[in-house]
Amino acid sequence: MQKTIRIGTRDSQLALWQANKVRKELIELGYESEIVPIKSTGDIVLDKPLYELGITGIFTKNLDIAMLNGDIDIAVHSLKDVPTSLPEGIVQAAVLKRANYSDILVLKDTEEFFGQPNGVIATGSLRRKAMWLNRYPTHKVVDLRGNVNTRLQKLEDNEWNGAVFAAAGLERIGIRPAGAINLSWMIPAPAQGVIMIAALEKDDFVKDACEQLNHYETQVCVGIEREFLKQLEGGCTAPIGALAYVDEKTEEINFKGVLLKRDGSKKITVNKTAKMGRHRFLAKDCADYVINRGGKDLMLEDEEVSAVQNAVFSTKKLSEAQKKTLPHTIGIKDSDFIKIRFNRISPKVMKNEIENVIITSQNGVEAILNSFTKDEIKFKNIFCVGRRTKKLIENRIGKVNHVAKNAKKLAEYLSKELENKEVTYFCSDLRLDILPAFLKTKEIAVNEVEAYKTMLSPDKISDEVSGILFYSPSGIESYLQKNSTEKVAFCIGETTAKEARKHFENVEVANVPSVDSVLEMVKKYYNADNNLSEEEE
């Protein structure tokens, strides 16, 4: 029986359109396939931290993780959203024939504002903003984020003259306004208008299937554009445009690229050609040309101007690698606002085998192991919350019978599946009431063992800090002892966010309950992502 290829995609209208296009083409080749939308709120966790795998794309990360976890076989992306370095184990399996690569201006009213000094244009793209200001230096460019439909609605709701979009995105879902203007002078983002299929490097069946969809000419051209971007960026955020295309008459590849200062006041352009098949160094030659004409100095000017613009504080110590995932424009400090002290658990607790055990955190695991060796621990059935807690238990204590995403889900499972209506819960002195309260309503006896104490250890935060990173309700309680709530609360999950909303006006919740996802959310909030994630098409 032939394998059904599971196609992972984001769940926006445009992303689903692209995924369905790939599915249709696979079906025409005789392959079975199905669409698997990946919700950004999915509880997806890897054994390795994301930063170790190089997963950086804001629009691609969850799909990368789902593929590495075996939940999908391929992922369909707009290639301009994909980082130039793919995560370990993932490869570019195919690119489809390029669609319209142009940027277009969707007008609110008329074109009269072009000749006026006070026009207002919206875009969330650093490149589009810089190119617009280079051409119209007296205009104002305002930020515009969201998927295609969200941005069109924001344009409708605001007093702007227009907004810049990728033509391909609007054309693919059939909503390009009749009066939209092609911006032929605006060099597109590298790989704009191209659909890319990513697959696991080890999956030969899927790679063979996708290879048949690959458009070679597009592959060559976008490869040059992305290499130009990679050669120039070097970790810096800069407005970069690139376009390569094949002249069918001469069989030459024409390339044009641009690097701009963020305010549009300076730009360096390059135009070169190379024969198809002799294009190996075209991207590097063009990047070197830009660098030799002051490209590095131009980027350094922007780096100096945009030194730390936003300061945030993490209520949990972060690794240096985690801190480095934030751009230089975001300064971060950290301290443990919660400190754990393990209690000495009485030996009589382990005298006899415990039939049903509940552990809801990694601290609970460490607390048990602080009092007993693995050989002394006598647990028959272990139930826990969180995949990382499960992994720690199975590495150091024994098999886990069931893992749930949160305490409520675990309580619901136990109320239905538990034969012996009694559990032993290893918890903190500040544990939430959700699990024991629910179980007691279902006539399940809960024997609580206070395995560790959660101690509040707050610091006074500087007024310059605009955002606080929280990882638990206890962290919020600790913070409030010495600090104000006139800041943004960045929360790791909904339980923490629920507590934050009682005190903070502005609360943001991470897509995935992990530290890396919290940091990604901070980057997105402060509009500090690089060119690769400028906007959805």
# chains A, B, ... in the order shown; residues from 1 in each chain; ligands from 1
$ residues_around --residues "Phe113 (chain A)" --least-positions-apart "6" --cutoff "12 Å" --atoms "only C-alpha atoms" --output "JSON, numbers by chain"
{"A": [107, 119, 120, 121, 136, 138, 139, 140, 160, 161, 162]}
$ select_by_dssp --residues "region 183-354 of chain A" --states "strand (DSSP E or B)" --output "VMD selection string"
chain A and resid 195 to 200 240 to 247 252 to 260 267 to 275 310 to 314 330 to 334 338 to 342 354
$ closest_residue --among "A:Lys482, A:Val512, A:Ile358, A:His402" --to "Glu448 (chain A)" --atoms "only C-alpha atoms"
A:Ile358
$ closest_residue --among "A:Arg135, A:Gln2, A:Tyr101, A:Ile197" --to "Met67 (chain A)" --atoms "only C-alpha atoms"
A:Ile197
$ atom_distance --atom1 "CA of Pro513 (chain A)" --atom2 "CA of Met196 (chain A)"
27.7 Å
$ decode --residues "region 496-509 of chain A" --atoms "all heavy atoms" --output "short mmCIF file (atom, residue, chain, number, x, y, z; two decimals), in the first residue's frame"
data_model
loop_
_atom_site.label_atom_id
_atom_site.label_comp_id
_atom_site.auth_asym_id
_atom_site.auth_seq_id
_atom_site.Cartn_x
_atom_site.Cartn_y
_atom_site.Cartn_z
N THR A 496 -0.61 30.97 32.86
CA THR A 496 0.14 32.15 33.31
C THR A 496 -0.54 33.43 32.83
O THR A 496 -0.66 34.41 33.57
CB THR A 496 1.59 32.08 32.80
OG1 THR A 496 2.18 30.85 33.24
CG2 THR A 496 2.41 33.25 33.30
N ALA A 497 -1.01 33.42 31.58
CA ALA A 497 -1.68 34.60 31.02
C ALA A 497 -2.95 34.94 31.77
O ALA A 497 -3.28 36.12 31.97
CB ALA A 497 -1.98 34.37 29.54
N LYS A 498 -3.68 33.92 32.19
CA LYS A 498 -4.92 34.14 32.94
C LYS A 498 -4.65 34.93 34.22
O LYS A 498 -5.40 35.86 34.57
CB LYS A 498 -5.58 32.80 33.28
CG LYS A 498 -6.93 32.92 33.96
CD LYS A 498 -7.53 31.54 34.22
CE LYS A 498 -8.87 31.64 34.94
NZ LYS A 498 -9.45 30.31 35.21
N GLU A 499 -3.57 34.58 34.89
CA GLU A 499 -3.19 35.31 36.10
C GLU A 499 -2.71 36.72 35.75
O GLU A 499 -3.04 37.69 36.44
CB GLU A 499 -2.08 34.55 36.84
CG GLU A 499 -1.60 35.21 38.12
CD GLU A 499 -2.69 35.30 39.19
OE1 GLU A 499 -3.63 34.47 39.18
OE2 GLU A 499 -2.59 36.23 40.03
N ALA A 500 -1.96 36.84 34.65
CA ALA A 500 -1.43 38.15 34.25
C ALA A 500 -2.54 39.13 33.93
O ALA A 500 -2.44 40.33 34.25
CB ALA A 500 -0.49 37.98 33.06
N ARG A 501 -3.61 38.65 33.32
CA ARG A 501 -4.72 39.54 32.91
C ARG A 501 -5.42 40.18 34.11
O ARG A 501 -6.11 41.19 33.95
CB ARG A 501 -5.73 38.76 32.06
CG ARG A 501 -5.17 38.38 30.69
CD ARG A 501 -6.24 37.78 29.79
NE ARG A 501 -5.63 37.21 28.59
CZ ARG A 501 -5.46 35.92 28.37
NH1 ARG A 501 -5.87 35.03 29.27
NH2 ARG A 501 -4.89 35.50 27.26
N LYS A 502 -5.25 39.62 35.29
CA LYS A 502 -5.83 40.21 36.49
C LYS A 502 -5.11 41.50 36.88
O LYS A 502 -5.65 42.32 37.61
CB LYS A 502 -5.75 39.23 37.67
CG LYS A 502 -6.53 37.94 37.48
CD LYS A 502 -6.30 37.00 38.66
CE LYS A 502 -7.00 35.65 38.48
NZ LYS A 502 -6.69 34.72 39.59
N HIS A 503 -3.89 41.68 36.36
CA HIS A 503 -3.06 42.79 36.82
C HIS A 503 -2.54 43.68 35.67
O HIS A 503 -2.33 44.87 35.87
CB HIS A 503 -1.84 42.26 37.60
CG HIS A 503 -2.20 41.26 38.66
ND1 HIS A 503 -2.71 41.62 39.88
CD2 HIS A 503 -2.14 39.89 38.66
CE1 HIS A 503 -2.94 40.52 40.60
NE2 HIS A 503 -2.59 39.47 39.88
N PHE A 504 -2.31 43.09 34.50
CA PHE A 504 -1.70 43.82 33.38
C PHE A 504 -2.75 44.10 32.30
O PHE A 504 -3.57 43.24 31.99
CB PHE A 504 -0.57 43.00 32.74
CG PHE A 504 0.63 42.81 33.63
CD1 PHE A 504 0.65 41.81 34.60
CD2 PHE A 504 1.75 43.62 33.50
CE1 PHE A 504 1.74 41.61 35.42
CE2 PHE A 504 2.85 43.44 34.32
CZ PHE A 504 2.85 42.44 35.27
N GLU A 505 -2.66 45.27 31.70
CA GLU A 505 -3.56 45.61 30.59
C GLU A 505 -3.11 44.93 29.30
O GLU A 505 -3.93 44.49 28.51
CB GLU A 505 -3.59 47.14 30.37
CG GLU A 505 -4.53 47.86 31.30
CD GLU A 505 -4.77 49.30 30.86
OE1 GLU A 505 -4.63 49.59 29.66
OE2 GLU A 505 -5.08 50.11 31.73
N ASN A 506 -1.82 44.85 29.09
CA ASN A 506 -1.27 44.30 27.85
C ASN A 506 -0.62 42.94 28.12
O ASN A 506 0.43 42.86 28.75
CB ASN A 506 -0.24 45.27 27.25
CG ASN A 506 0.08 44.94 25.81
OD1 ASN A 506 -0.21 43.86 25.33
ND2 ASN A 506 0.71 45.88 25.13
N VAL A 507 -1.28 41.87 27.67
CA VAL A 507 -0.80 40.51 27.92
C VAL A 507 -0.64 39.79 26.58
O VAL A 507 -1.57 39.74 25.77
CB VAL A 507 -1.76 39.72 28.82
CG1 VAL A 507 -1.28 38.27 28.99
CG2 VAL A 507 -1.91 40.41 30.18
N GLU A 508 0.55 39.22 26.34
CA GLU A 508 0.83 38.45 25.14
C GLU A 508 1.11 37.00 25.55
O GLU A 508 1.76 36.75 26.56
CB GLU A 508 2.05 39.01 24.40
CG GLU A 508 1.88 40.45 23.93
CD GLU A 508 0.94 40.57 22.74
OE1 GLU A 508 0.92 39.64 21.91
OE2 GLU A 508 0.22 41.58 22.65
N VAL A 509 0.59 36.03 24.74
CA VAL A 509 0.75 34.61 25.08
C VAL A 509 1.53 33.91 23.97
O VAL A 509 1.23 34.08 22.78
CB VAL A 509 -0.62 33.91 25.25
CG1 VAL A 509 -0.43 32.51 25.81
CG2 VAL A 509 -1.53 34.73 26.14
#
